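Shown next: run00.txt, containing compact mmCIF, C-alpha atoms.
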# COMPACT_ATOMS: atom_id res chain seq x y z
CA MET A 1 -32.48 -2.31 12.17
CA LYS A 2 -33.61 -0.77 15.47
CA ASP A 3 -32.37 2.61 14.29
CA VAL A 4 -34.22 2.23 10.99
CA ALA A 5 -37.42 1.21 12.83
CA ARG A 6 -37.10 4.20 15.16
CA GLU A 7 -36.44 6.60 12.26
CA ALA A 8 -39.43 5.29 10.30
CA GLY A 9 -41.70 5.01 13.33
CA VAL A 10 -42.45 1.32 12.72
CA GLY A 11 -41.68 -2.01 14.38
CA LEU A 12 -38.67 -4.25 13.76
CA GLY A 13 -40.90 -6.81 12.05
CA THR A 14 -41.97 -4.25 9.49
CA VAL A 15 -38.38 -3.31 8.74
CA SER A 16 -37.51 -7.01 8.32
CA ARG A 17 -40.40 -7.56 5.90
CA VAL A 18 -39.33 -4.56 3.79
CA LEU A 19 -35.68 -5.67 3.72
CA ASN A 20 -36.49 -9.28 2.90
CA ASN A 21 -39.61 -8.56 0.82
CA ASN A 22 -41.36 -11.47 2.49
CA GLY A 23 -44.61 -10.12 3.93
CA PRO A 24 -47.44 -7.60 3.48
CA VAL A 25 -46.45 -3.96 4.00
CA LYS A 26 -48.48 -0.88 3.01
CA GLU A 27 -46.88 1.08 0.20
CA THR A 28 -46.78 4.25 2.34
CA THR A 29 -45.08 2.33 5.16
CA ARG A 30 -42.59 0.76 2.74
CA ARG A 31 -41.62 4.20 1.47
CA LYS A 32 -41.11 5.45 5.05
CA VAL A 33 -38.80 2.51 5.80
CA GLU A 34 -36.87 2.98 2.55
CA ARG A 35 -36.40 6.70 3.32
CA ALA A 36 -35.12 5.79 6.79
CA ILE A 37 -32.68 3.26 5.30
CA GLU A 38 -31.36 5.89 2.91
CA ALA A 39 -31.13 8.59 5.59
CA LEU A 40 -29.16 6.31 7.94
CA ASN A 41 -27.04 4.78 5.15
CA TYR A 42 -28.05 1.38 6.52
CA LYS A 43 -26.33 -1.67 4.98
CA GLN A 44 -28.07 -4.99 5.41
CA ASN A 45 -25.97 -7.92 6.62
CA GLU A 46 -26.30 -10.34 3.72
CA VAL A 47 -24.47 -13.22 5.38
CA ALA A 48 -26.64 -15.73 7.22
CA ARG A 49 -25.49 -15.78 10.86
CA ASN A 50 -26.40 -18.41 13.40
CA PHE A 51 -24.98 -16.41 16.26
CA LYS A 52 -24.96 -12.70 16.86
CA MET A 53 -21.17 -12.34 16.79
CA GLN A 54 -20.41 -14.97 14.18
CA GLN A 55 -17.85 -13.83 11.60
CA SER A 56 -16.83 -15.00 8.14
CA GLN A 57 -13.23 -15.61 9.26
CA SER A 58 -12.19 -14.18 5.88
CA ILE A 59 -9.89 -11.26 5.18
CA ALA A 60 -9.49 -9.64 1.75
CA LEU A 61 -6.13 -8.41 0.48
CA ILE A 62 -6.18 -5.86 -2.35
CA VAL A 63 -3.00 -5.58 -4.44
CA PRO A 64 -2.49 -3.78 -7.78
CA THR A 65 -0.85 -6.83 -9.34
CA ILE A 66 0.48 -10.16 -8.12
CA TRP A 67 3.28 -10.06 -10.72
CA HIS A 68 5.27 -7.47 -8.76
CA PRO A 69 7.76 -9.16 -6.37
CA PHE A 70 6.89 -6.87 -3.45
CA PHE A 71 3.15 -7.49 -3.72
CA SER A 72 3.49 -11.25 -4.19
CA LYS A 73 5.85 -11.60 -1.23
CA PHE A 74 3.60 -9.42 0.90
CA ALA A 75 0.57 -11.54 -0.05
CA TYR A 76 2.47 -14.73 0.82
CA HIS A 77 3.22 -13.53 4.34
CA VAL A 78 -0.28 -12.11 4.90
CA GLU A 79 -1.82 -15.46 3.97
CA LYS A 80 0.64 -17.34 6.18
CA LYS A 81 -0.08 -15.15 9.22
CA LEU A 82 -3.86 -15.27 8.69
CA SER A 83 -3.77 -19.05 8.35
CA ASP A 84 -1.93 -19.30 11.66
CA LEU A 85 -4.76 -17.30 13.24
CA GLY A 86 -7.54 -19.39 11.68
CA TYR A 87 -8.52 -16.89 8.96
CA LYS A 88 -8.84 -17.32 5.20
CA MET A 89 -7.37 -14.81 2.75
CA ILE A 90 -9.25 -13.64 -0.34
CA LEU A 91 -6.88 -12.11 -2.89
CA CYS A 92 -8.09 -9.24 -5.05
CA ASN A 93 -5.63 -8.70 -7.91
CA THR A 94 -7.11 -5.44 -9.20
CA GLN A 95 -4.83 -4.28 -12.02
CA ASN A 96 -5.90 -0.86 -10.68
CA GLU A 97 -9.54 -1.49 -11.67
CA ARG A 98 -11.59 0.69 -9.37
CA ALA A 99 -14.75 -1.44 -9.68
CA LYS A 100 -12.97 -4.47 -8.22
CA GLU A 101 -11.73 -2.48 -5.23
CA ILE A 102 -15.14 -0.96 -4.57
CA SER A 103 -16.77 -4.41 -4.69
CA TYR A 104 -14.50 -5.62 -1.87
CA ILE A 105 -15.26 -2.56 0.24
CA SER A 106 -18.96 -3.32 -0.35
CA MET A 107 -18.37 -6.90 0.82
CA LEU A 108 -16.83 -5.51 3.99
CA GLU A 109 -19.75 -3.16 4.58
CA LYS A 110 -22.18 -6.05 4.22
CA ASN A 111 -20.18 -8.33 6.55
CA LYS A 112 -19.30 -10.82 3.82
CA ILE A 113 -15.68 -10.44 4.92
CA ASP A 114 -14.33 -9.40 8.31
CA GLY A 115 -11.61 -6.98 7.26
CA LEU A 116 -9.54 -5.56 4.44
CA ILE A 117 -5.82 -4.95 3.85
CA ALA A 118 -5.35 -2.61 0.90
CA ILE A 119 -2.43 -1.67 -1.34
CA THR A 120 -4.13 0.63 -3.79
CA TYR A 121 -3.35 3.71 -5.87
CA SER A 122 -6.81 4.40 -7.31
CA ALA A 123 -7.61 8.08 -6.84
CA GLU A 124 -11.38 7.55 -6.78
CA LEU A 125 -11.27 5.01 -3.95
CA ASP A 126 -10.94 7.63 -1.22
CA GLN A 127 -14.66 8.46 -1.18
CA TYR A 128 -15.58 4.83 -0.44
CA ILE A 129 -13.22 4.41 2.53
CA SER A 130 -14.50 4.91 6.06
CA SER A 131 -12.43 5.07 9.24
CA HIS A 132 -15.19 3.06 10.96
CA LEU A 133 -14.50 0.00 8.81
CA PRO A 134 -11.79 -2.55 9.74
CA ILE A 135 -9.33 -1.51 7.01
CA VAL A 136 -5.53 -1.37 7.09
CA SER A 137 -3.80 0.57 4.33
CA ILE A 138 -0.25 -0.16 3.21
CA ASP A 139 1.78 3.02 2.55
CA ARG A 140 -1.14 5.08 1.25
CA HIS A 141 -2.90 7.88 3.12
CA PHE A 142 -6.66 8.40 2.83
CA THR A 143 -8.75 11.46 3.65
CA LYS A 144 -10.37 9.48 6.44
CA ASP A 145 -8.23 8.55 9.44
CA VAL A 146 -7.43 5.01 8.28
CA VAL A 147 -4.84 2.86 10.02
CA PHE A 148 -1.75 2.25 7.89
CA VAL A 149 1.42 0.17 7.95
CA THR A 150 4.59 1.23 6.18
CA SER A 151 8.37 1.05 6.29
CA ASP A 152 10.53 4.00 7.28
CA ASN A 153 10.80 5.52 3.82
CA LYS A 154 12.34 8.79 4.99
CA ASN A 155 15.10 6.99 6.84
CA GLY A 156 15.63 4.84 3.76
CA GLY A 157 16.34 7.96 1.71
CA GLU A 158 18.69 9.26 4.40
CA LEU A 159 20.50 5.92 4.54
CA ALA A 160 21.01 5.87 0.77
CA ALA A 161 22.48 9.37 0.75
CA LYS A 162 24.79 8.56 3.69
CA GLU A 163 26.05 5.35 2.08
CA LEU A 164 26.83 7.11 -1.21
CA MET A 165 28.66 9.89 0.65
CA THR A 166 30.60 7.41 2.81
CA ARG A 167 31.73 5.60 -0.33
CA GLY A 168 33.25 8.75 -1.80
CA CYS A 169 30.59 9.94 -4.25
CA LYS A 170 31.01 13.64 -5.08
CA ARG A 171 27.77 14.38 -6.94
CA ILE A 172 24.76 12.23 -6.20
CA ALA A 173 21.28 12.04 -7.70
CA TYR A 174 17.79 10.82 -6.86
CA LEU A 175 15.83 9.25 -9.71
CA GLY A 176 12.17 8.36 -9.50
CA SER A 177 8.53 9.14 -10.08
CA VAL A 178 5.79 10.60 -7.92
CA SER A 179 2.14 9.56 -7.72
CA ASN A 180 -0.85 11.88 -7.53
CA ILE A 181 -1.95 9.76 -4.55
CA GLU A 182 -0.34 10.76 -1.25
CA ASN A 183 1.72 7.84 0.03
CA GLU A 184 4.73 7.10 2.19
CA SER A 185 7.08 6.34 -0.72
CA MET A 186 7.24 10.10 -1.36
CA LYS A 187 9.36 10.36 1.77
CA ARG A 188 12.26 8.51 0.08
CA ARG A 189 13.12 11.63 -1.88
CA LEU A 190 12.55 13.78 1.22
CA GLY A 191 15.01 11.76 3.30
CA PHE A 192 17.61 11.78 0.53
CA GLU A 193 17.32 15.50 -0.09
CA THR A 194 17.31 16.38 3.62
CA GLU A 195 20.52 14.42 4.22
CA CYS A 196 22.25 15.99 1.21
CA LEU A 197 21.33 19.50 2.34
CA SER A 198 22.42 18.86 5.93
CA LYS A 199 25.86 17.68 4.71
CA ASN A 200 26.08 20.34 1.97
CA VAL A 201 26.67 17.67 -0.69
CA ASP A 202 26.26 18.42 -4.39
CA HIS A 203 23.12 16.63 -5.52
CA CYS A 204 20.25 16.75 -7.99
CA ILE A 205 16.67 15.48 -8.04
CA TYR A 206 15.05 14.00 -11.14
CA GLU A 207 11.43 13.16 -10.38
CA LEU A 208 8.64 12.65 -12.92
CA ARG A 209 4.88 12.47 -12.53
CA GLU A 210 3.38 9.01 -12.92
CA PRO A 211 2.72 7.18 -15.08
CA VAL A 212 6.20 7.00 -16.62
CA THR A 213 5.79 4.98 -19.82
CA ASP A 214 9.47 4.54 -20.73
CA ILE A 215 11.79 4.52 -17.70
CA GLU A 216 14.80 3.54 -19.80
CA ALA A 217 14.45 6.52 -22.14
CA VAL A 218 14.07 8.84 -19.15
CA ILE A 219 17.20 7.49 -17.49
CA GLN A 220 19.24 7.58 -20.70
CA ARG A 221 18.32 11.22 -21.19
CA PHE A 222 19.34 12.04 -17.61
CA LEU A 223 22.69 10.22 -17.94
CA LYS A 224 23.47 12.13 -21.13
CA GLN A 225 22.67 15.47 -19.49
CA ASN A 226 24.47 14.67 -16.21
CA PRO A 227 27.70 12.77 -16.98
CA ASP A 228 29.33 13.98 -13.74
CA VAL A 229 26.92 12.16 -11.38
CA ASP A 230 28.83 9.33 -9.69
CA GLY A 231 26.19 8.10 -7.23
CA PHE A 232 22.50 7.28 -7.68
CA PHE A 233 19.58 6.52 -5.39
CA ALA A 234 16.64 5.04 -7.32
CA ILE A 235 13.11 5.23 -5.92
CA ASN A 236 12.76 1.44 -6.18
CA ASP A 237 14.58 -1.63 -7.42
CA LYS A 238 12.79 -1.54 -10.77
CA TRP A 239 14.29 1.86 -11.50
CA ALA A 240 17.66 0.69 -10.13
CA LYS A 241 17.74 -2.32 -12.49
CA VAL A 242 16.95 -0.15 -15.52
CA LEU A 243 19.61 2.34 -14.39
CA LEU A 244 22.24 -0.39 -14.04
CA ARG A 245 21.45 -1.67 -17.53
CA SER A 246 21.61 1.84 -18.99
CA LEU A 247 24.98 2.49 -17.33
CA ARG A 248 26.40 -0.73 -18.78
CA ASN A 249 25.13 0.26 -22.23
CA ILE A 250 27.08 3.53 -22.17
CA GLY A 251 30.23 1.86 -20.84
CA SER A 252 30.10 3.13 -17.25
CA ARG A 253 31.56 0.65 -14.76
CA VAL A 254 29.57 -0.12 -11.61
CA PRO A 255 30.72 0.41 -8.90
CA GLU A 256 34.13 1.64 -10.12
CA ASP A 257 32.82 4.70 -12.00
CA VAL A 258 29.26 5.00 -10.72
CA GLN A 259 27.50 3.63 -7.62
CA VAL A 260 23.81 2.73 -7.42
CA ILE A 261 21.40 2.08 -4.54
CA GLY A 262 17.80 0.93 -5.03
CA PHE A 263 14.86 0.55 -2.65
CA ASP A 264 12.76 -2.55 -1.80
CA GLY A 265 15.15 -5.48 -1.52
CA VAL A 266 12.66 -8.05 -2.79
CA THR A 267 13.73 -10.88 -5.09
CA SER A 268 11.53 -12.37 -7.80
CA SER A 269 11.61 -15.80 -6.13
CA LYS A 270 12.71 -17.47 -2.90
CA GLU A 271 15.72 -18.97 -4.69
CA ASP A 272 17.03 -15.65 -6.05
CA GLU A 273 19.59 -13.63 -4.12
CA LEU A 274 20.03 -9.89 -3.95
CA THR A 275 23.06 -8.68 -5.87
CA PHE A 276 22.98 -4.89 -6.22
CA SER A 277 22.91 -2.49 -3.26
CA THR A 278 19.48 -1.49 -2.00
CA ILE A 279 17.42 -0.36 0.97
CA ILE A 280 15.50 -3.40 2.23
CA GLN A 281 11.89 -3.11 3.33
CA PRO A 282 10.89 -5.65 6.01
CA VAL A 283 8.10 -7.17 3.89
CA ALA A 284 7.37 -10.14 6.14
CA GLU A 285 7.21 -7.95 9.24
CA MET A 286 4.99 -5.41 7.45
CA ALA A 287 2.58 -8.18 6.44
CA GLU A 288 2.47 -9.61 9.96
CA LYS A 289 1.95 -6.16 11.48
CA ALA A 290 -0.89 -5.43 9.04
CA VAL A 291 -2.64 -8.66 10.04
CA GLU A 292 -2.06 -8.04 13.75
CA VAL A 293 -3.47 -4.51 13.58
CA LEU A 294 -6.46 -5.59 11.45
CA ILE A 295 -7.43 -8.39 13.83
CA ASN A 296 -7.34 -5.90 16.71
CA LEU A 297 -9.58 -3.55 14.71
CA ILE A 298 -12.05 -6.38 14.09
CA LYS A 299 -12.07 -7.16 17.80
CA GLU A 300 -12.53 -3.43 18.53
CA GLN A 301 -9.29 -3.23 20.46
CA PRO A 302 -7.12 -0.07 20.49
CA VAL A 303 -4.50 0.18 17.74
CA GLU A 304 -1.78 2.59 16.63
CA LYS A 305 -2.97 4.59 13.62
CA LYS A 306 0.54 4.85 12.15
CA ASN A 307 2.80 1.78 12.15
CA VAL A 308 6.31 2.42 10.77
CA LEU A 309 8.87 -0.41 10.54
CA PRO A 310 12.64 0.08 10.17
CA VAL A 311 14.57 -0.44 6.93
CA THR A 312 18.14 -1.68 6.45
CA PHE A 313 20.91 -1.17 3.89
CA PHE A 314 22.07 -4.15 1.82
CA ASP A 315 25.68 -3.75 0.73
CA GLY A 316 25.61 -5.31 -2.71
CA ASN A 317 27.85 -5.18 -5.77
CA SER A 318 26.72 -1.76 -7.04
CA THR A 319 28.52 0.20 -4.30
CA ASN A 320 32.18 0.19 -3.29

Rendering of file as structure tokens:
Amino acid sequence: MKDVAREAGVGLGTVSRVLNNNGPVKETTRRKVERAIEALNYKQNEVARNFKMQQSQSIALIVPTIWHPFFSKFAYHVEKKLSDLGYKMILCNTQNERAKEISYISMLEKNKIDGLIAITYSAELDQYISSHLPIVSIDRHFTKDVVFVTSDNKNGGELAAKELMTRGCKRIAYLGSVSNIENESMKRRLGFETECLSKNVDHCIYELREPVTDIEAVIQRFLKQNPDVDGFFAINDKWAKVLLRSLRNIGSRVPEDVQVIGFDGVTSSKEDELTFSTIIQPVAEMAEKAVEVLINLIKEQPVEKKNVLPVTFFDGNSTN
């Protein structure tokens, strides 16, 4: 408000009356204040505060959908960690609706919430993100220098290739899709391909642009065209499950004839157990790290811009 008053050449009281529309102000003066507000991109704090540094003690978590096992498990651990620290979590289940995501960023700008953890793939969101806001991104990169938390996707791809080679696979393949939004999951293919090239192993890459409307049809077509592939690395467990089903349908035995490794390692419920082989992301640790970094941002303490957590290989029943 001081900056606005200085820009408009008026007193703080005048600025307050214009913002709150609760007192007499000349029309010419009002226009000067409004121009200053626009020039400075000033956002009024709409939350009543009794003390200067009072906060809402609320953090918003944006996820594309709560139905996906990774997102629901991540949300569970974020809420648990925030609760331990005395914060409330507001869940924004966007279904990739840009308007919902923008509304939460607006809430952050207006101090209705203290911080934001975002898992988002909306292309248009980039223009609304500022590196000055307390935001932690999961996996995705933004144009602005936003702090992000991720798992070691490149090493995950390397691990998958190594495990397939170690288990005797002669021709291995990567199956997956790629988003138009730059994100860390793209490094899964990179790690896989780099390891194959360094070991001079026969391999192929089958990567489609998102959205892929029928994964099963895509995989069936690939299997028909590439009957000699005996080892697969799927971009995620969803693709791996569809691949395993498709292999069974054509009579291929897993792991006797073909071996499969997925990526994520997240079950649909706490009671379920992993069965097929996969690269496990440390979801709980990623959630806790995201909260830790965000709280430090809110408190204006120094943080690492890039936080990468290690992955592990789960030796399930789809590899020898």

>> Counting only C-alpha atoms, which residue out of A:Phe263, A:Glu163, A:Gln127, A:Glu210 sits closest to Ser185 of chain A?
In response: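 Going through A:Phe263, A:Glu163, A:Gln127, A:Glu210 one by one, the smallest distance to Ser185 of chain A is for A:Phe263.
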
> Taking only C-alpha atoms into account, which of A:Val260, A:Ile59, A:Leu309, A:Ile235 comes nearest Ile135 of chain A?
Replying inline: A:Ile59

>> I'd like the neighbourhood of segment 103-113 of chain A as an MDAnalysis selection string, where a residue qualifies if any of its atoms comes within 12 Å (using all atoms listed in the file), though same-chain residues fewer than 6 positions away should be ignored.
In response: chainID A and resid 41:49 53:63 87:94 97 125:136 298

> Neighbours of segment 156-160 of chain A within 10 Å (all atoms listed in the file; same-chain residues fewer than 4 positions away dropped), as a PyMOL selection string?
Replying inline: chain A and resi 151-152+164-166+174+185-196+231-235+260-264+277-281+310-313

> Within 6 Å of (-2.9, -3.4, -0.8), only C-alpha atoms: residues as a list in words?
Replying inline: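 Here the neighbourhood of the point contains Ile62, Val63, Ile117, Ala118, Ile119, Thr120 and Ile138 of chain A.
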
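In this model, the gap between atom CA of Lys2 of chain A and atom CA of Ser16 of chain A comes to 10.3 Å.
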
>> So, with only C-alpha atoms as the atoms that count, which of A:Asp84, A:Glu34, A:Glu256, A:Asp272 lies closest to Met1 of chain A?
In response: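 Closest residue, counting only C-alpha atoms: A:Glu34.
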
>> My list of candidates is A:Val33, A:Ala5, A:Leu85, A:Ile66. Which is closest to Leu294 of chain A when distances are computed with all atoms listed in the file?
In response: A:Leu85

>> So that I can see what lies close to Val242 of chain A, please list as a ChimeraX atom specification the residues with an atom at most 9 Å from it, counting all atoms listed in the file and leaving out residues fewer than 5 positions away in the same chain.
In response: /A:215-216,219,237,247

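Here atom CA of Ser177 of chain A is placed at a distance of 29.1 Å from atom CA of Val291 of chain A.
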
> What's the 6 Å shell around His77 of chain A, counting only C-alpha atoms, without same-chain residues fewer than 2 positions away, as a ChimeraX atom specification?
Replying inline: /A:74-75,79-80,284,287
